[in-house]
Amino acid sequence: MERQWWHGAIAYQIYPKSFMDSGGDGIGDLRGIIGKLDYLRDLGVNLLWLSPAYPSPLADEGYDISDYYGVDPRFGTLADMDELIAESGKRGMKVILDLVVNHCSDEHEWFQDVLRNPDSPYRDYFYIVDKRPDGKLPTNWRSHFGGSVWEPLGDTDKLYLHVFHKKQPDLNWQNPTMREEVRKNIEWWLDRGIAGFRIDAIANIGKAFPFRDYPVDGPDGLSGLDNMFDSSDGPGAYLTELRDKAFKPRGALTVGEVFVTDPEHIDEWIGPDGYFNSIFDFSGTLFGNNTGWHDKKKITAEDYKDCVFGMQEAAGENCFFSNIIENHDESRGVNYYLPDGEITDAGKKMLAGLYFMLRGIPFIYQGQELGMENAVIGSMDDVKDCASIGAYKISRDAGLSDEEAMAGVRRFSRDNARTPMQWDDTPNAGFTTGEPWLPVNPNYKKINAAAQIADEDSMLSFYKRLISLRKNAEYADTLVYGKTEPYLREQKNLFAYKRTGDKTLLIAGNFQNKPQDMRLPSAPKRVLINNYDEAAITGDTMRLSPYQFVVIEA
């Protein structure tokens, strides 16, 4: 494998609306981020991913873009963005932005011109069709957010396609002129000094043609989009063009949001000639997802272990995943992966260490380094997330009671990860002097950055230790490029693996709330990281305390 600068990156995702408000309006902004760059430098990260700050009506919280060449006034100005990029660079951090080009906003000038002008040159930038002669919709597809993918085009007799929110019309990738607009925008941002992109929902551009119905798979009489996408040729031709014309000539880092779990397809996405440099490993996130949040199976330690090892094996030595336990689209990782009632500091640290030492780029989502937890959601009146509103409706349509549907929303709502960053124990957790756009988690007085910075035993300090080890010249080559080899895989609730290269490291976590013994492969040279005060080693056996995590040089 040809070595690249990003192989050893430690990435941090910022959700601008919830990170830091510098103006007192309750909404985070770019100047707030600039003011916290020293915090991020001290944490040790060197790659920042900013979720969208483009102009947007915020129907899907910024993933509905109305101008690809600007910054929403709520977040700041282009000058602020330029300053953020420059100041990050001074601190040794590169910036990547979201590329959201499966769809735009219905308030984008392209779509607005289509609404005004029947002969608009932008008409073929979208999928605009007639109803069937019998008055039925063109297809029976269910959008990702629930309901039909078809929406009336203004007051005309036409319909437009949206696989997400109705305010997010899909862009027509069959149109080469539209694709050229995407390429020009990519180059414009790269010229401003960003290092690359996280590419949003990109597999959705590969529609199956001709459009037709698929088997009904829900009480709403609609068919899930996976049925259609499984029949398509995929987005490969478009992504190859994008790679060769836009990304590769500029050396841009590309990380795709692609839900790939089939090992046979990993190489085409991130192999030596893959479409992107990396994609996120969503295998744990996708586990147990059936027809809705109401029947999604709770992941266990053994399930998670199988997901991770399966994908690490599929990646081999030629592919680089981006590893996560949470992001802006998921609930908090500590709530998702740890058993209910067992969310302790030890468990949080173990979970952090287990994913952080895997082969690939570790991504930290804002607040994760503090051990932030799911929001407190009382009823649907408290919910801002459009996906949660759709999921609630799907659950109710399936016959569940309000409380049963709410249980799924409380566990999986994207609002869980979007509550404001908890900086200190002052009102609104130091995020804003105004009224926050989303309520602060009530636990902010206990879980906040100010309380953890000087505490050597805090979550924040533990993440700093993990980052320091990955950067340590003595071990970096092994942790970046070494193999991942499962260890004692059949031992229940023991999540252990080796990283082998010029060194051999044993990474192990006792994924349960009671002690267990682990046989060591050899006498340990040293214990590099431990989330307990001591490592109880007797001969070739280590007694692991509940949720104990260790990194051992073997």
# chains A, B, ... in the order shown; residues from 1 in each chain; ligands from 1
call {"tool": "residues_around", "arguments": {"residues": "Leu505 in chain A", "least_positions_apart": "5", "cutoff": "9 Å", "atoms": "only C-alpha atoms", "output": "MDAnalysis selection string"}}
result
chainID A and resid 475 478:479 497:500 551:554
call {"tool": "write_last_selection", "arguments": {"atoms": "N, CA and C atoms", "output": "PDB file, in the first residue's frame"}}
result
ATOM      1  N   TYR A 475       5.144   3.189  18.351  1.00  0.00           N
ATOM      2  CA  TYR A 475       4.025   2.290  18.093  1.00  0.00           C
ATOM      3  C   TYR A 475       3.160   2.709  16.897  1.00  0.00           C
ATOM      4  N   THR A 478       2.802   0.352  13.808  1.00  0.00           N
ATOM      5  CA  THR A 478       1.989  -0.836  14.081  1.00  0.00           C
ATOM      6  C   THR A 478       0.510  -0.484  14.148  1.00  0.00           C
ATOM      7  N   LEU A 479       0.167   0.609  14.821  1.00  0.00           N
ATOM      8  CA  LEU A 479      -1.231   0.969  15.003  1.00  0.00           C
ATOM      9  C   LEU A 479      -1.855   1.505  13.724  1.00  0.00           C
ATOM     10  N   TYR A 497      -8.026  -8.298  20.492  1.00  0.00           N
ATOM     11  CA  TYR A 497      -7.355  -8.474  19.209  1.00  0.00           C
ATOM     12  C   TYR A 497      -5.910  -8.008  19.323  1.00  0.00           C
ATOM     13  N   LYS A 498      -5.110  -8.480  18.389  1.00  0.00           N
ATOM     14  CA  LYS A 498      -3.721  -8.048  18.304  1.00  0.00           C
ATOM     15  C   LYS A 498      -3.564  -7.072  17.146  1.00  0.00           C
ATOM     16  N   ARG A 499      -2.671  -6.127  17.297  1.00  0.00           N
ATOM     17  CA  ARG A 499      -2.188  -5.325  16.187  1.00  0.00           C
ATOM     18  C   ARG A 499      -0.723  -5.713  15.991  1.00  0.00           C
ATOM     19  N   THR A 500      -0.419  -6.270  14.842  1.00  0.00           N
ATOM     20  CA  THR A 500       0.916  -6.804  14.605  1.00  0.00           C
ATOM     21  C   THR A 500       1.599  -6.073  13.466  1.00  0.00           C
ATOM     22  N   VAL A 551      -4.179  -2.023  26.870  1.00  0.00           N
ATOM     23  CA  VAL A 551      -3.311  -2.184  25.703  1.00  0.00           C
ATOM     24  C   VAL A 551      -1.969  -2.650  26.241  1.00  0.00           C
ATOM     25  N   ILE A 552      -1.547  -3.819  25.785  1.00  0.00           N
ATOM     26  CA  ILE A 552      -0.331  -4.451  26.292  1.00  0.00           C
ATOM     27  C   ILE A 552       0.645  -4.652  25.147  1.00  0.00           C
ATOM     28  N   GLU A 553       1.900  -4.292  25.383  1.00  0.00           N
ATOM     29  CA  GLU A 553       2.943  -4.659  24.427  1.00  0.00           C
ATOM     30  C   GLU A 553       3.351  -6.091  24.716  1.00  0.00           C
ATOM     31  N   ALA A 554       3.093  -6.952  23.750  1.00  0.00           N
ATOM     32  CA  ALA A 554       3.323  -8.385  23.976  1.00  0.00           C
ATOM     33  C   ALA A 554       4.744  -8.777  23.572  1.00  0.00           C
TER      34      ALA A 554
END
call {"tool": "select_by_dssp", "arguments": {"residues": "range 131-318 of chain A", "states": "strand (DSSP E)", "output": "list of chain:residue names"}}
result
A:Trp141, A:Arg142, A:Trp150, A:Glu151, A:Pro152, A:Lys158, A:Leu159, A:Tyr160, A:Leu161, A:Gly196, A:Phe197, A:Arg198, A:Ile199, A:Ser223, A:Gly224, A:Leu253, A:Thr254, A:Val255, A:Gly256, A:Ser278, A:Ile279, A:Phe280
call {"tool": "atom_distance", "arguments": {"atom1": "CA of Ile364 in chain A", "atom2": "CA of Ala449 in chain A"}}
result
14.8 Å
call {"tool": "closest_residue", "arguments": {"among": "A:Ser395, A:Thr504, A:Ser232, A:Thr240", "to": "Lys525 in chain A", "atoms": "only C-alpha atoms"}}
result
A:Thr504
call {"tool": "atom_distance", "arguments": {"atom1": "CA of Val45 in chain A", "atom2": "CA of Glu474 in chain A"}}
result
18.6 Å
call {"tool": "residues_around", "arguments": {"residues": "Trp189 in chain A", "least_positions_apart": "6", "cutoff": "9 Å", "atoms": "only C-alpha atoms", "output": "list in words"}}
result
Tyr69, Leu97 and Gly196 of chain A
call {"tool": "write_last_selection", "arguments": {"atoms": "C-alpha atoms", "output": "PDB file, in the first residue's frame"}}
result
ATOM      1  CA  TYR A  69     -20.881  28.348  -2.613  1.00  0.00           C
ATOM      2  CA  LEU A  97     -16.370  19.576   4.555  1.00  0.00           C
ATOM      3  CA  GLY A 196     -11.218  17.016   1.117  1.00  0.00           C
TER       4      GLY A 196
END
call {"tool": "closest_residue", "arguments": {"among": "A:Asn416, A:Ser88, A:Gln366, A:Asn185", "to": "Tyr68 in chain A", "atoms": "only C-alpha atoms"}}
result
A:Asn185
call {"tool": "closest_residue", "arguments": {"among": "A:Glu435, A:Asp306, A:Glu313, A:Glu107", "to": "Thr484 in chain A", "atoms": "only C-alpha atoms"}}
result
A:Glu313
call {"tool": "residues_around", "arguments": {"residues": "Leu47 in chain A", "least_positions_apart": "4", "cutoff": "12 Å", "atoms": "only C-alpha atoms", "output": "ChimeraX atom specification"}}
result
/A:5-14,37,40-41,43,85,88-89,91-97,194-198,253,361-365
call {"tool": "atom_distance", "arguments": {"atom1": "CA of Ser379 in chain A", "atom2": "CA of Ser413 in chain A"}}
result
11.9 Å
call {"tool": "residues_around", "arguments": {"residues": "Phe276 in chain A", "least_positions_apart": "6", "cutoff": "7 Å", "atoms": "only C-alpha atoms", "output": "ChimeraX atom specification"}}
result
/A:254-256,269-270
call {"tool": "residues_around", "arguments": {"residues": "Arg179 in chain A", "least_positions_apart": "5", "cutoff": "10 Å", "atoms": "only C-alpha atoms", "output": "PyMOL selection string"}}
result
chain A and resi 101+125+171-174+184+238+241-242
call {"tool": "closest_atom_pairs", "arguments": {"of": "range 333-432 of chain A", "to": "range 450-463 of chain A", "cutoff": "6 Å", "atoms": "only C-alpha atoms", "output": "JSON lines"}}
result
{"residue": "A:Glu369", "atom": "CA", "partner": "A:Leu460", "partner_atom": "CA", "distance": 5.2}
{"residue": "A:Leu370", "atom": "CA", "partner": "A:Leu460", "partner_atom": "CA", "distance": 5.3}
{"residue": "A:Asp424", "atom": "CA", "partner": "A:Ala450", "partner_atom": "CA", "distance": 5.0}
call {"tool": "select_by_dssp", "arguments": {"residues": "range 10-87 of chain A", "states": "helix (DSSP H, G or I)", "output": "count of residues only"}}
result
27
call {"tool": "closest_atom_pairs", "arguments": {"of": "range 287-328 of chain A", "to": "range 341-353 of chain A", "cutoff": "12 Å", "atoms": "only C-alpha atoms", "output": "tab-separated table"}}
result
residue	atom	partner	partner_atom	distance
A:Ala301	CA	A:Leu351	CA	10.3
A:Tyr304	CA	A:Leu351	CA	10.7
A:Lys305	CA	A:Leu351	CA	11.4
A:Asn323	CA	A:Ala352	CA	10.8
A:Ile324	CA	A:Ala352	CA	9.3
A:Ile325	CA	A:Ala352	CA	8.0
A:Glu326	CA	A:Ala352	CA	10.7
call {"tool": "write_last_selection", "arguments": {"atoms": "N, CA and C atoms", "output": "mmCIF file, in the first residue's frame"}}
result
data_model
loop_
_atom_site.group_PDB
_atom_site.id
_atom_site.type_symbol
_atom_site.label_atom_id
_atom_site.label_comp_id
_atom_site.auth_asym_id
_atom_site.auth_seq_id
_atom_site.Cartn_x
_atom_site.Cartn_y
_atom_site.Cartn_z
ATOM 1 N N ALA A 301 -22.290 -7.541 23.054
ATOM 2 C CA ALA A 301 -20.834 -7.542 22.894
ATOM 3 C C ALA A 301 -20.409 -8.515 21.805
ATOM 4 N N TYR A 304 -21.311 -7.100 18.343
ATOM 5 C CA TYR A 304 -20.415 -6.001 17.966
ATOM 6 C C TYR A 304 -19.050 -6.548 17.567
ATOM 7 N N LYS A 305 -18.574 -7.509 18.322
ATOM 8 C CA LYS A 305 -17.279 -8.128 18.026
ATOM 9 C C LYS A 305 -17.297 -8.760 16.634
ATOM 10 N N ASN A 323 -13.310 4.588 11.382
ATOM 11 C CA ASN A 323 -13.977 3.885 12.475
ATOM 12 C C ASN A 323 -14.677 4.863 13.410
ATOM 13 N N ILE A 324 -15.906 4.520 13.784
ATOM 14 C CA ILE A 324 -16.726 5.379 14.645
ATOM 15 C C ILE A 324 -17.482 4.542 15.663
ATOM 16 N N ILE A 325 -17.947 5.204 16.712
ATOM 17 C CA ILE A 325 -18.989 4.611 17.563
ATOM 18 C C ILE A 325 -20.227 5.501 17.572
ATOM 19 N N GLU A 326 -20.114 6.726 17.001
ATOM 20 C CA GLU A 326 -21.272 7.603 16.919
ATOM 21 C C GLU A 326 -20.972 8.721 15.926
#
call {"tool": "closest_residue", "arguments": {"among": "A:Asp21, A:Asp80, A:Asp262, A:Asp29", "to": "Gln422 in chain A", "atoms": "only C-alpha atoms"}}
result
A:Asp21
call {"tool": "residues_around", "arguments": {"residues": "Gly390 in chain A", "least_positions_apart": "2", "cutoff": "6 Å", "atoms": "only C-alpha atoms", "output": "NGL selection string"}}
result
:A and (145-146 or 387-388 or 392-393)
